[in-house]
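Here the structure is laid out as C-alpha cells; the discussion comes afterwards.
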Amino acid sequence: MVITQKAQDQLNHLLEDGEVLEIGLRGGGCNGLIVTLEKTISTGTTQLSIGENTKFADQMSQTYLQGGSLDYEDTGFSKTFVVNPSEGTARCGCGNSIALPEV
C-alpha cells in the first residue's frame, strides 16, 4: 500500500509516540466490506507494517488492500483519510465499502 505524502503528514501530526494507524476490513456496507481505520498502540515492525506508523489489521486486510493507497483529502467541507483499493476492486459511491474482485 502506498501512503501519500499528504496522508503521511497528517499521520505524523495526529499520532503520538507509540501509536499507529491500523487499516482493516470488516463485513458490512453497500459492497460487503467496510474499510476501517483505527488508532492503536504499536507492537513494533511486523509483516503487517506499512512504513513507520501504519499497519494492516490482519492478513486478510493486507491481501486485499496492499495494492491500493492511503490518501488524505481536505475539501473545505470535510477532512478525511481515503483508502483507494487496488485496481479491480469495486468501491461504492460513498467510498466507505469495497467488493472483492471475482476470481
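Chain labels follow the order of the C-alpha cells: the first chain is A, the next B, and so on; residue numbering restarts at 1 in every chain, and ligands are counted from 1 in their shown order.
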
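Near Ser49 (chain A), within a cut-off of 12 Å and counting only C-alpha atoms, sit the residues Met1, Val2, Ile3, Val20, Leu21, Glu22, Ile23, Ser42, Thr43, Gly44, Thr54, Lys55, Phe56, Ala57, Asp58, Gln59, Ser61, Gln62 and Gln66 of chain A, with same-chain residues fewer than 5 positions away left out.
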
Query - Picked from chain A by DSSP as alpha helix (DSSP H), as a PyMOL selection string - result: chain A and resi 5-14+59-65

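Pairwise distance (CA of Gly28 (chain A), CA of Ile50 (chain A)) equals 24.6 Å.
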
Query raised in the report: Which polymer residues have any atom within 10 Å of an atom of Gln10 (chain A), counting only C-alpha atoms, with same-chain residues fewer than 5 positions away left out, as a VMD selection string?
Result: chain A and resid 5 15 71 to 72 80 to 81

Selected residues written out with N, CA and C atoms, as a PDB file, in the first residue's frame:
ATOM      1  N   GLN A   5       2.049  11.518   0.498  1.00  0.00           N
ATOM      2  CA  GLN A   5       2.725  12.474   1.376  1.00  0.00           C
ATOM      3  C   GLN A   5       1.720  13.236   2.239  1.00  0.00           C
ATOM      4  N   LEU A  15      -0.773  11.182  15.221  1.00  0.00           N
ATOM      5  CA  LEU A  15      -0.363  10.050  16.053  1.00  0.00           C
ATOM      6  C   LEU A  15       0.713  10.452  17.051  1.00  0.00           C
ATOM      7  N   ASP A  71      -4.733   8.048   1.208  1.00  0.00           N
ATOM      8  CA  ASP A  71      -4.568   9.467   0.916  1.00  0.00           C
ATOM      9  C   ASP A  71      -5.303  10.265   1.982  1.00  0.00           C
ATOM     10  N   TYR A  72      -5.097  11.569   1.978  1.00  0.00           N
ATOM     11  CA  TYR A  72      -5.799  12.471   2.890  1.00  0.00           C
ATOM     12  C   TYR A  72      -6.406  13.585   2.050  1.00  0.00           C
ATOM     13  N   THR A  80     -10.592  14.067   5.652  1.00  0.00           N
ATOM     14  CA  THR A  80     -10.672  12.635   5.919  1.00  0.00           C
ATOM     15  C   THR A  80      -9.567  11.852   5.228  1.00  0.00           C
ATOM     16  N   PHE A  81      -9.224  10.721   5.834  1.00  0.00           N
ATOM     17  CA  PHE A  81      -8.343   9.768   5.171  1.00  0.00           C
ATOM     18  C   PHE A  81      -9.175   8.977   4.180  1.00  0.00           C
TER      19      PHE A  81
END

Neighbours of Thr89 (chain A) within 10 Å (only C-alpha atoms; same-chain residues fewer than 2 positions away dropped), as a JSON list (two decimals) with N, CA and C atoms, in the first residue's frame?
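Now in part-v9.json:
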[["chain", "number", "residue", "atom", "x", "y", "z"],
["A", 64, "TYR", "N", -6.05, -7.94, 0.48],
["A", 64, "TYR", "CA", -6.98, -7.22, -0.39],
["A", 64, "TYR", "C", -6.71, -5.73, -0.53],
["A", 65, "LEU", "N", -5.91, -5.16, 0.35],
["A", 65, "LEU", "CA", -5.67, -3.71, 0.29],
["A", 65, "LEU", "C", -4.24, -3.34, -0.09],
["A", 67, "GLY", "N", -2.39, -3.46, -2.67],
["A", 67, "GLY", "CA", -2.13, -2.80, -3.95],
["A", 67, "GLY", "C", -2.74, -1.42, -4.05],
["A", 68, "GLY", "N", -3.38, -0.95, -3.00],
["A", 68, "GLY", "CA", -4.06, 0.34, -3.02],
["A", 68, "GLY", "C", -3.22, 1.46, -2.43],
["A", 84, "ASN", "N", -7.93, 4.05, -1.12],
["A", 84, "ASN", "CA", -8.23, 3.71, -2.51],
["A", 84, "ASN", "C", -7.78, 2.27, -2.71],
["A", 85, "PRO", "N", -8.74, 1.35, -2.93],
["A", 85, "PRO", "CA", -8.38, -0.06, -3.06],
["A", 85, "PRO", "C", -7.60, -0.32, -4.33],
["A", 86, "SER", "N", -7.03, -1.50, -4.42],
["A", 86, "SER", "CA", -6.26, -1.87, -5.60],
["A", 86, "SER", "C", -7.15, -1.95, -6.83],
["A", 87, "GLU", "N", -6.54, -1.88, -7.97],
["A", 87, "GLU", "CA", -7.27, -1.92, -9.23],
["A", 87, "GLU", "C", -8.06, -3.22, -9.33],
["A", 91, "ARG", "N", -15.64, -0.12, -5.52],
["A", 91, "ARG", "CA", -15.87, 0.74, -4.36],
["A", 91, "ARG", "C", -17.24, 1.37, -4.50],
["A", 98, "ILE", "N", -16.04, -1.76, 0.03],
["A", 98, "ILE", "CA", -15.50, -2.31, -1.21],
["A", 98, "ILE", "C", -16.09, -3.69, -1.44],
["A", 99, "ALA", "N", -15.99, -4.15, -2.67],
["A", 99, "ALA", "CA", -16.35, -5.52, -3.03],
["A", 99, "ALA", "C", -15.11, -6.18, -3.60],
["A", 100, "LEU", "N", -14.84, -7.37, -3.17],
["A", 100, "LEU", "CA", -13.66, -8.07, -3.65],
["A", 100, "LEU", "C", -13.84, -8.48, -5.10],
["A", 101, "PRO", "N", -12.77, -8.45, -5.87],
["A", 101, "PRO", "CA", -12.88, -8.88, -7.27],
["A", 101, "PRO", "C", -13.22, -10.36, -7.35],
["A", 102, "GLU", "N", -14.01, -10.71, -8.37],
["A", 102, "GLU", "CA", -14.33, -12.13, -8.56],
["A", 102, "GLU", "C", -13.13, -12.84, -9.12]]

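Put simply, CA of Arg26 (chain A) is 29.1 Å away from CA of Gly76 (chain A).
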
Query raised in the report: Where in chain A does DSSP assign strand (DSSP E), given as a ChimeraX atom specification?
Result: /A:2-3,19-27,33-41,54-56,69-74,79-84,90-91,97-99

Output N, CA and C atoms for every residue in the selection just made, as a CSV table (one decimal), in the first residue's frame.
chain,number,residue,atom,x,y,z
A,2,VAL,N,0.5,2.2,-0.8
A,2,VAL,CA,1.2,3.4,-0.9
A,2,VAL,C,0.6,4.5,0.0
A,3,ILE,N,1.4,5.1,0.8
A,3,ILE,CA,0.9,6.2,1.7
A,3,ILE,C,1.3,7.5,1.1
A,19,GLU,N,2.0,5.1,18.8
A,19,GLU,CA,0.7,4.8,18.1
A,19,GLU,C,0.9,4.6,16.6
A,20,VAL,N,0.0,3.8,16.1
A,20,VAL,CA,0.0,3.5,14.6
A,20,VAL,C,-1.5,3.6,14.1
A,21,LEU,N,-1.6,3.8,12.8
A,21,LEU,CA,-2.9,3.7,12.2
A,21,LEU,C,-3.1,2.3,11.7
A,22,GLU,N,-4.1,1.6,12.1
A,22,GLU,CA,-4.4,0.2,11.6
A,22,GLU,C,-5.5,0.3,10.6
A,23,ILE,N,-5.2,-0.3,9.4
A,23,ILE,CA,-6.2,-0.3,8.3
A,23,ILE,C,-6.7,-1.7,8.1
A,24,GLY,N,-8.0,-1.9,8.2
A,24,GLY,CA,-8.6,-3.2,8.1
A,24,GLY,C,-9.9,-3.3,7.3
A,25,LEU,N,-10.5,-4.4,7.3
A,25,LEU,CA,-11.7,-4.7,6.7
A,25,LEU,C,-12.6,-5.5,7.6
A,26,ARG,N,-13.9,-5.1,7.6
A,26,ARG,CA,-14.9,-5.9,8.3
A,26,ARG,C,-16.2,-6.0,7.5
A,27,GLY,N,-17.0,-7.0,7.7
A,27,GLY,CA,-18.2,-7.2,7.0
A,27,GLY,C,-19.2,-6.1,7.1
A,33,LEU,N,-17.8,-5.2,2.3
A,33,LEU,CA,-16.7,-5.0,3.3
A,33,LEU,C,-16.5,-3.5,3.5
A,34,ILE,N,-16.4,-3.2,4.8
A,34,ILE,CA,-16.2,-1.8,5.2
A,34,ILE,C,-14.7,-1.6,5.5
A,35,VAL,N,-14.1,-0.6,5.0
A,35,VAL,CA,-12.7,-0.3,5.3
A,35,VAL,C,-12.7,0.4,6.7
A,36,THR,N,-11.8,-0.1,7.6
A,36,THR,CA,-11.7,0.5,9.0
A,36,THR,C,-10.4,1.2,9.2
A,37,LEU,N,-10.4,2.3,9.9
A,37,LEU,CA,-9.1,3.0,10.2
A,37,LEU,C,-9.2,3.2,11.7
A,38,GLU,N,-8.2,2.6,12.5
A,38,GLU,CA,-8.2,2.8,13.9
A,38,GLU,C,-6.8,3.1,14.4
A,39,LYS,N,-6.8,4.0,15.4
A,39,LYS,CA,-5.6,4.3,16.1
A,39,LYS,C,-5.3,3.3,17.1
A,40,THR,N,-4.1,2.7,17.2
A,40,THR,CA,-3.8,1.7,18.1
A,40,THR,C,-2.4,1.8,18.6
A,41,ILE,N,-2.0,1.0,19.6
A,41,ILE,CA,-0.6,1.0,20.1
A,41,ILE,C,0.2,0.1,19.2
A,54,THR,N,2.0,2.9,10.2
A,54,THR,CA,0.8,2.4,9.6
A,54,THR,C,0.9,0.9,9.5
A,55,LYS,N,-0.2,0.2,9.7
A,55,LYS,CA,-0.1,-1.3,9.5
A,55,LYS,C,-1.5,-1.8,9.1
A,56,PHE,N,-1.5,-3.0,8.6
A,56,PHE,CA,-2.7,-3.7,8.3
A,56,PHE,C,-3.2,-4.4,9.5
A,69,SER,N,-3.9,2.5,-2.0
A,69,SER,CA,-3.2,3.7,-1.4
A,69,SER,C,-4.0,4.3,-0.3
A,70,LEU,N,-3.4,5.0,0.6
A,70,LEU,CA,-4.0,5.8,1.6
A,70,LEU,C,-3.7,7.2,1.3
A,71,ASP,N,-4.7,8.0,1.2
A,71,ASP,CA,-4.6,9.5,0.9
A,71,ASP,C,-5.3,10.3,2.0
A,72,TYR,N,-5.1,11.6,2.0
A,72,TYR,CA,-5.8,12.5,2.9
A,72,TYR,C,-6.4,13.6,2.0
A,73,GLU,N,-7.7,13.8,2.2
A,73,GLU,CA,-8.4,14.8,1.5
A,73,GLU,C,-8.9,15.9,2.4
A,74,ASP,N,-8.8,17.2,2.0
A,74,ASP,CA,-9.3,18.3,2.6
A,74,ASP,C,-10.1,19.1,1.6
A,79,LYS,N,-12.5,16.8,6.1
A,79,LYS,CA,-11.1,16.4,6.1
A,79,LYS,C,-11.2,14.9,6.5
A,80,THR,N,-10.6,14.1,5.7
A,80,THR,CA,-10.7,12.6,5.9
A,80,THR,C,-9.6,11.9,5.2
A,81,PHE,N,-9.2,10.7,5.8
A,81,PHE,CA,-8.3,9.8,5.2
A,81,PHE,C,-9.2,9.0,4.2
A,82,VAL,N,-8.6,8.7,3.0
A,82,VAL,CA,-9.3,7.9,2.0
A,82,VAL,C,-8.5,6.7,1.6
A,83,VAL,N,-9.1,5.5,1.7
A,83,VAL,CA,-8.4,4.3,1.2
A,83,VAL,C,-8.9,4.0,-0.2
A,84,ASN,N,-7.9,4.0,-1.1
A,84,ASN,CA,-8.2,3.7,-2.5
A,84,ASN,C,-7.8,2.3,-2.7
A,90,ALA,N,-14.0,-3.1,-6.6
A,90,ALA,CA,-15.1,-2.2,-6.7
A,90,ALA,C,-15.3,-1.4,-5.4
A,91,ARG,N,-15.6,-0.1,-5.5
A,91,ARG,CA,-15.9,0.7,-4.4
A,91,ARG,C,-17.2,1.4,-4.5
A,97,SER,N,-17.1,1.4,1.5
A,97,SER,CA,-17.0,-0.1,1.4
A,97,SER,C,-16.5,-0.5,0.1
A,98,ILE,N,-16.0,-1.8,0.0
A,98,ILE,CA,-15.5,-2.3,-1.2
A,98,ILE,C,-16.1,-3.7,-1.4
A,99,ALA,N,-16.0,-4.1,-2.7
A,99,ALA,CA,-16.4,-5.5,-3.0
A,99,ALA,C,-15.1,-6.2,-3.6

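The space separating CA of Leu11 (chain A) from CA of Gly29 (chain A) comes to 25.4 Å.
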